[in-house]
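Peer 1: Encoded as structure tokens, here's the structure I'll be asking about.
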Amino acid sequence: MTIVLDGKKIAEEIQRELHEEMKDWKKCGKRLPKLAVIIVGDHTASQVYVNNKENAAKYIGFHSIVKEFPKDITEEKLLCEIDKLNQDSTVDGILVQLPLPLHMDEERVLVSIGPEKDVDGFHPLNMGHLLVGHPEKLPCTPYGIMTLLDRYQIDLEGKHAVIVGRSNIVGKPMSQLLLHQNATVTVTHSKTKNLKEITQQADILIVAIGQCEMITADFVKDGAVVVDVGMNRNSEGKLVGDVAYDDVFPKASFITPVPGGVGPMTITMLMEQTINNARIGDR
Ligand code: GUN
């Protein structure tokens with residue numbers, strides 16, 4: 001029997017808990033957290049993500065501001081705007097929505113966010129903390145996946161976890177979090193030879209490659225836990241993952257749907273980290 005890893009349900013549970021906590025903060029007259037989201041250009045998917053983040057913050061009950069800039073804004077001007085948010089003591093979390101326009105140096109922009117306000121965990125300092133095993137801020141998608149696996153009590157120790165995709169946002173930080181839970185981790189990517197032979201060995205298969213339904217049943221071992229980070233539109237305009245869900249479903253022991261799997265967990269972890277920053281800031 002296959003169990004669906006219901007990210008939407010778990011995310012709603014966590015958001016309800018956070019909502020209750022914010023009600024208590026309000027009652028005590030405590031300053032509410034504030035998240036600042038920066039979006040540059042008119043990337044459609046980014047607009048959707050940013051709206052979802054705003055709605056979640058509104059539901060939980062803390063402040064969220066969105067700063068939108070045209071795609072031809074100069075890097076210097078953007079850095080100046082980030083610096084204003086760094087200096088603003090009412091702002092607890094800063095997130096720059098990726099991807100940025102091609103003329104910008106993404107690394108330089110991410111480094112300019114104060115590491116203590118970096119709710120994405122993309123600052124090299126925070127990436128470094130994660131690498132040495134003492135994470136301070138976690139990239140939200142891997143953190144959301146770990147929380148989801150934990151809520152379904154999926155044991156990772158000694159398991160072979162195979163990650164498809166080596167991005168800074170998902171693949172690399174995911175590998176570290178799985179290692180910390182004593183999984184044996186293999187990271188594969190677009191240049192990997194014999195990909196199928198490797199994924200067939202996975203007890204836990206995490207897929208983040210951005211290729212519409214690329215992982216079919218023949219890539220998957222019987223009883224594997226399958227986590228799909230993909231979010232793509234197929235030729236009919238339907239939202240689908242990187243995993244061919246209906247094909248893989250009968251083989252998996254647990255599987256995330258798209259939508260309603262990893263996506264809502266990512267947003268919820270962002271909310272949690274923003275609140276956590278406010279807690280630390282006020283200590
Ligand atoms: N673009 C796609 N995923 C993410 C994410 O987790 N954070 C940011 N900042 N941008 C993204």
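Following the order of the structure tokens, chains are lettered A, B, ..., residues in each are numbered from 1, and ligands are numbered from 1.
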Residues of segment 47-129 of chain A in alpha helix (DSSP H) according to DSSP, as a ChimeraX atom specification?

Peer 2: /A:47-60,75-87,106-111,124-129

Peer 1: Could the residues in this selection be written to a file with C-alpha atoms, as a PDB file, in the first residue's frame?

Peer 2:
ATOM      1  CA  GLN A  47       4.908  36.002  -8.683  1.00  0.00           C
ATOM      2  CA  VAL A  48       2.867  32.942  -7.684  1.00  0.00           C
ATOM      3  CA  TYR A  49       5.403  31.900  -5.004  1.00  0.00           C
ATOM      4  CA  VAL A  50       5.511  35.427  -3.603  1.00  0.00           C
ATOM      5  CA  ASN A  51       1.700  35.652  -3.422  1.00  0.00           C
ATOM      6  CA  ASN A  52       1.575  32.313  -1.610  1.00  0.00           C
ATOM      7  CA  LYS A  53       4.157  33.556   0.902  1.00  0.00           C
ATOM      8  CA  GLU A  54       2.171  36.732   1.535  1.00  0.00           C
ATOM      9  CA  ASN A  55      -1.042  34.772   2.070  1.00  0.00           C
ATOM     10  CA  ALA A  56       0.651  32.414   4.530  1.00  0.00           C
ATOM     11  CA  ALA A  57       2.092  35.306   6.555  1.00  0.00           C
ATOM     12  CA  LYS A  58      -1.322  36.967   6.604  1.00  0.00           C
ATOM     13  CA  TYR A  59      -2.992  33.778   7.842  1.00  0.00           C
ATOM     14  CA  ILE A  60      -0.377  33.143  10.548  1.00  0.00           C
ATOM     15  CA  GLU A  75      22.565  45.694  -9.053  1.00  0.00           C
ATOM     16  CA  GLU A  76      23.828  48.689  -7.022  1.00  0.00           C
ATOM     17  CA  LYS A  77      20.294  49.964  -6.484  1.00  0.00           C
ATOM     18  CA  LEU A  78      19.114  46.507  -5.418  1.00  0.00           C
ATOM     19  CA  LEU A  79      22.035  46.174  -2.971  1.00  0.00           C
ATOM     20  CA  CYS A  80      21.119  49.572  -1.561  1.00  0.00           C
ATOM     21  CA  GLU A  81      17.508  48.439  -0.999  1.00  0.00           C
ATOM     22  CA  ILE A  82      18.718  45.261   0.729  1.00  0.00           C
ATOM     23  CA  ASP A  83      20.966  47.334   2.943  1.00  0.00           C
ATOM     24  CA  LYS A  84      17.996  49.455   4.053  1.00  0.00           C
ATOM     25  CA  LEU A  85      16.208  46.261   5.104  1.00  0.00           C
ATOM     26  CA  ASN A  86      19.363  45.034   6.880  1.00  0.00           C
ATOM     27  CA  GLN A  87      19.384  48.268   8.902  1.00  0.00           C
ATOM     28  CA  GLU A 106      23.259  36.289  -7.745  1.00  0.00           C
ATOM     29  CA  GLU A 107      26.041  35.386  -5.326  1.00  0.00           C
ATOM     30  CA  ARG A 108      26.832  39.053  -4.659  1.00  0.00           C
ATOM     31  CA  VAL A 109      23.169  39.818  -3.988  1.00  0.00           C
ATOM     32  CA  LEU A 110      22.701  36.859  -1.629  1.00  0.00           C
ATOM     33  CA  VAL A 111      25.868  37.719   0.300  1.00  0.00           C
ATOM     34  CA  PRO A 124      27.516  31.305   2.284  1.00  0.00           C
ATOM     35  CA  LEU A 125      27.992  31.710   6.041  1.00  0.00           C
ATOM     36  CA  ASN A 126      24.746  29.854   6.722  1.00  0.00           C
ATOM     37  CA  MET A 127      25.619  27.264   4.064  1.00  0.00           C
ATOM     38  CA  GLY A 128      28.933  26.829   5.905  1.00  0.00           C
ATOM     39  CA  HIS A 129      27.216  26.309   9.266  1.00  0.00           C
TER      40      HIS A 129
END

Peer 1: Taking only C-alpha atoms and all ligand atoms into account, produce a table as a Markdown table in which each residue of chain A with an atom at most 7 Å from an atom of ligand 1 appears once, together with its shortest atom pair and the distance in Å to one decimal, ordered by chain and rising number.

Peer 2:
| residue | atom | partner | partner_atom_place_in_ligand_line | distance |
| --- | --- | --- | --- | --- |
| A:Ser46 | CA | ligand 1 | 1 (N) | 6.8 |
| A:Leu95 | CA | ligand 1 | 9 (N) | 5.4 |
| A:Val96 | CA | ligand 1 | 9 (N) | 4.8 |
| A:Gln97 | CA | ligand 1 | 9 (N) | 3.8 |
| A:Leu98 | CA | ligand 1 | 10 (N) | 3.8 |
| A:Pro99 | CA | ligand 1 | 1 (N) | 6.0 |
| A:Asp120 | CA | ligand 1 | 7 (N) | 5.8 |
| A:Pro139 | CA | ligand 1 | 6 (O) | 6.6 |
| A:Cys140 | CA | ligand 1 | 6 (O) | 5.7 |
| A:Thr141 | CA | ligand 1 | 6 (O) | 5.9 |
| A:Ile169 | CA | ligand 1 | 6 (O) | 6.2 |
| A:Thr266 | CA | ligand 1 | 6 (O) | 6.9 |

Peer 1: Please produce a file of the residues just selected, as a compact mmCIF listing (two decimals), in the first residue's frame, where the atoms kept are C-alpha atoms.

Peer 2:
# COMPACT_ATOMS: atom_id res chain seq x y z
CA SER A 46 8.02 33.80 -8.86
CA LEU A 95 14.22 36.88 1.07
CA VAL A 96 15.28 37.67 -2.48
CA GLN A 97 13.17 35.59 -4.82
CA LEU A 98 15.26 33.65 -7.35
CA PRO A 99 15.94 33.56 -10.23
CA ASP A 120 16.42 31.17 2.96
CA PRO A 139 17.14 26.40 3.04
CA CYS A 140 13.36 26.07 3.26
CA THR A 141 12.72 23.31 0.71
CA ILE A 169 18.61 25.64 -3.23
CA THR A 266 8.66 25.12 1.83

Peer 1: Under the rule that only C-alpha atoms are counted, which of A:Glu20, A:Asp203, A:Asp6, A:Asp242 is the nearest residue to Ala224 of chain A?

Peer 2: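 Of A:Glu20, A:Asp203, A:Asp6, A:Asp242, the one nearest Ala224 of chain A, counting only C-alpha atoms, is A:Asp203.
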
Peer 1: Could you pull the residues within 9 Å of segment 174-183 of chain A, counting only C-alpha atoms, minus those fewer than 4 positions along the same chain, as a ChimeraX atom specification?

Peer 2: /A:130-131,133,139,141-143,145-146,155-163,166,169-170,187,206

Peer 1: Just the residues within 9 Å of Gly261 of chain A, please, counting only C-alpha atoms, with nothing from its chain fewer than 2 positions along; format it as a list of chain:residue names.

Peer 2: A:Val4, A:Leu5, A:Asp6, A:Gly7, A:Lys8, A:Lys9, A:Ile145, A:Leu148, A:Val227, A:Asp228, A:Val229, A:Ile255, A:Thr256, A:Pro257, A:Val258, A:Pro259, A:Gly263, A:Pro264, A:Met265

Peer 1: Could you go through segment 42-240 of chain A and tell me which residues DSSP, when run on the backbone, assigns to strand (DSSP E), listing them as a ChimeraX atom specification?

Peer 2: /A:63-69,93-96,160-164,184-188,204-207,225-228,232-233,239-240

Peer 1: Would you mind exporting the chosen residues as an mmCIF file, in the first residue's frame, restricted to N, CA and C atoms?

Peer 2:
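Dumped to again-v2.cif:
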data_model
loop_
_atom_site.group_PDB
_atom_site.id
_atom_site.type_symbol
_atom_site.label_atom_id
_atom_site.label_comp_id
_atom_site.auth_asym_id
_atom_site.auth_seq_id
_atom_site.Cartn_x
_atom_site.Cartn_y
_atom_site.Cartn_z
ATOM 1 N N HIS A 63 3.666 40.384 9.996
ATOM 2 C CA HIS A 63 3.781 41.368 8.925
ATOM 3 C C HIS A 63 4.623 40.838 7.763
ATOM 4 N N SER A 64 4.172 41.172 6.576
ATOM 5 C CA SER A 64 4.965 40.794 5.413
ATOM 6 C C SER A 64 4.932 41.958 4.432
ATOM 7 N N ILE A 65 6.092 42.326 3.913
ATOM 8 C CA ILE A 65 6.113 43.366 2.884
ATOM 9 C C ILE A 65 6.763 42.797 1.630
ATOM 10 N N VAL A 66 6.249 43.211 0.497
ATOM 11 C CA VAL A 66 6.823 42.759 -0.772
ATOM 12 C C VAL A 66 7.375 43.981 -1.479
ATOM 13 N N LYS A 67 8.638 43.897 -1.881
ATOM 14 C CA LYS A 67 9.247 45.002 -2.632
ATOM 15 C C LYS A 67 9.468 44.517 -4.055
ATOM 16 N N GLU A 68 8.749 45.118 -4.966
ATOM 17 C CA GLU A 68 8.853 44.706 -6.373
ATOM 18 C C GLU A 68 9.690 45.704 -7.148
ATOM 19 N N PHE A 69 10.619 45.198 -7.942
ATOM 20 C CA PHE A 69 11.470 46.076 -8.748
ATOM 21 C C PHE A 69 11.448 45.626 -10.211
ATOM 22 N N GLY A 93 13.218 38.971 8.653
ATOM 23 C CA GLY A 93 13.648 38.059 7.595
ATOM 24 C C GLY A 93 13.642 38.754 6.254
ATOM 25 N N ILE A 94 14.693 38.482 5.456
ATOM 26 C CA ILE A 94 14.767 39.046 4.098
ATOM 27 C C ILE A 94 14.926 37.882 3.124
ATOM 28 N N LEU A 95 14.134 37.924 2.089
ATOM 29 C CA LEU A 95 14.222 36.881 1.067
ATOM 30 C C LEU A 95 14.250 37.537 -0.305
ATOM 31 N N VAL A 96 15.239 37.201 -1.095
ATOM 32 C CA VAL A 96 15.279 37.670 -2.483
ATOM 33 C C VAL A 96 14.833 36.509 -3.361
ATOM 34 N N HIS A 160 19.769 4.312 1.972
ATOM 35 C CA HIS A 160 20.437 4.932 0.827
ATOM 36 C C HIS A 160 19.520 6.010 0.246
ATOM 37 N N ALA A 161 19.918 7.254 0.410
ATOM 38 C CA ALA A 161 19.141 8.368 -0.140
ATOM 39 C C ALA A 161 19.815 8.823 -1.426
ATOM 40 N N VAL A 162 19.064 8.866 -2.501
ATOM 41 C CA VAL A 162 19.599 9.350 -3.777
ATOM 42 C C VAL A 162 18.881 10.658 -4.120
ATOM 43 N N ILE A 163 19.696 11.691 -4.385
ATOM 44 C CA ILE A 163 19.150 12.996 -4.753
ATOM 45 C C ILE A 163 19.405 13.208 -6.233
ATOM 46 N N VAL A 164 18.391 13.594 -6.970
ATOM 47 C CA VAL A 164 18.581 13.904 -8.383
ATOM 48 C C VAL A 164 18.512 15.423 -8.511
ATOM 49 N N THR A 184 22.950 7.250 3.954
ATOM 50 C CA THR A 184 24.060 7.191 2.992
ATOM 51 C C THR A 184 23.568 7.934 1.765
ATOM 52 N N VAL A 185 24.332 8.959 1.346
ATOM 53 C CA VAL A 185 23.763 9.882 0.354
ATOM 54 C C VAL A 185 24.523 9.852 -0.972
ATOM 55 N N THR A 186 23.781 9.758 -2.054
ATOM 56 C CA THR A 186 24.360 9.902 -3.394
ATOM 57 C C THR A 186 23.677 11.091 -4.063
ATOM 58 N N VAL A 187 24.504 12.001 -4.597
ATOM 59 C CA VAL A 187 23.935 13.142 -5.325
ATOM 60 C C VAL A 187 24.192 12.928 -6.816
ATOM 61 N N THR A 188 23.130 12.912 -7.593
ATOM 62 C CA THR A 188 23.263 12.752 -9.043
ATOM 63 C C THR A 188 22.832 14.049 -9.729
ATOM 64 N N ILE A 204 15.373 6.121 -0.395
ATOM 65 C CA ILE A 204 14.738 7.436 -0.368
ATOM 66 C C ILE A 204 15.162 8.151 -1.650
ATOM 67 N N LEU A 205 14.233 8.558 -2.462
ATOM 68 C CA LEU A 205 14.566 9.213 -3.730
ATOM 69 C C LEU A 205 14.005 10.629 -3.724
ATOM 70 N N ILE A 206 14.926 11.613 -3.804
ATOM 71 C CA ILE A 206 14.520 13.018 -3.792
ATOM 72 C C ILE A 206 14.797 13.584 -5.178
ATOM 73 N N VAL A 207 13.797 14.100 -5.843
ATOM 74 C CA VAL A 207 13.980 14.526 -7.230
ATOM 75 C C VAL A 207 13.743 16.021 -7.379
ATOM 76 N N VAL A 225 10.755 5.500 -0.876
ATOM 77 C CA VAL A 225 10.082 6.744 -0.485
ATOM 78 C C VAL A 225 10.425 7.764 -1.575
ATOM 79 N N VAL A 226 9.432 8.337 -2.219
ATOM 80 C CA VAL A 226 9.694 9.215 -3.366
ATOM 81 C C VAL A 226 9.214 10.640 -3.060
ATOM 82 N N VAL A 227 10.165 11.575 -3.132
ATOM 83 C CA VAL A 227 9.845 12.978 -2.836
ATOM 84 C C VAL A 227 10.096 13.794 -4.108
ATOM 85 N N ASP A 228 9.078 14.486 -4.561
ATOM 86 C CA ASP A 228 9.139 15.216 -5.830
ATOM 87 C C ASP A 228 9.127 16.723 -5.571
ATOM 88 N N ASN A 232 6.288 21.815 -12.689
ATOM 89 C CA ASN A 232 6.386 22.154 -14.118
ATOM 90 C C ASN A 232 4.995 22.181 -14.741
ATOM 91 N N ARG A 233 4.871 22.875 -15.849
ATOM 92 C CA ARG A 233 3.631 22.815 -16.637
ATOM 93 C C ARG A 233 3.878 21.845 -17.788
ATOM 94 N N LEU A 239 -0.185 21.373 -14.003
ATOM 95 C CA LEU A 239 0.958 21.431 -13.091
ATOM 96 C C LEU A 239 1.406 20.007 -12.745
ATOM 97 N N VAL A 240 2.634 19.661 -13.089
ATOM 98 C CA VAL A 240 3.130 18.308 -12.793
ATOM 99 C C VAL A 240 4.536 18.396 -12.196
#

Peer 1: Write out as a compact mmCIF listing (two decimals) with C-alpha atoms, in the first residue's frame which residues come within 10 Å of Arg31 of chain A when counting only C-alpha atoms, dropping same-chain ones fewer than 6 positions away.

Peer 2:
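Wrote it out as part.txt, contents follow:
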# COMPACT_ATOMS: atom_id res chain seq x y z
CA MET A 22 1.21 34.74 17.09
CA TRP A 25 2.47 37.28 21.06
CA PHE A 62 2.61 38.54 11.16
CA THR A 90 11.60 45.81 12.57
CA ALA A 278 12.18 37.44 15.68
CA ARG A 279 12.56 35.26 18.79
CA ASP A 282 14.37 39.93 20.84

Peer 1: Using only C-alpha atoms, find the one residue out of A:Ile73, A:Ala208, A:Leu195, A:Val132 that sits nearest to Gly165 of chain A.

Peer 2: A:Ala208

Peer 1: Using only C-alpha atoms, can you tell me which of A:Asp88, A:Asp222, A:Asp247, A:Glu12 comes closest to Ala202 of chain A?

Peer 2: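 Of A:Asp88, A:Asp222, A:Asp247, A:Glu12, the one nearest Ala202 of chain A is A:Asp222, counting only C-alpha atoms.
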
Peer 1: Interatomic distance between atom CA of Gly230 of chain A and atom CA of Thr216 of chain A?

Peer 2: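 Between these atoms lies a distance of 13.6 Å.
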
Peer 1: One number please: atom CA of Val243 of chain A to atom CA of Ala217 of chain A, in Å, one decimal.

Peer 2: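 Interatomic distance here is 8.8 Å.
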
Peer 1: Have a look at A:Thr74, A:Ile10, A:Ile267, A:Pro135 and name the one nearest to Asp150 of chain A; count only C-alpha atoms.

Peer 2: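 Looking only at the distances to Asp150 of chain A, the closest residue turns out to be A:Ile10.
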
Peer 1: For Gly210 of chain A, which of A:Thr192, A:Gln15, A:Thr44, A:Asn234 is the closest residue, counting only C-alpha atoms?

Peer 2: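 The answer is A:Asn234, which sits nearest to Gly210 of chain A.
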
Peer 1: In Å, how far is it from atom CA of Thr274 of chain A to atom CA of Arg16 of chain A?

Peer 2: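 Answer for the atom CA of Thr274 of chain A to atom CA of Arg16 of chain A separation: 15.5 Å.
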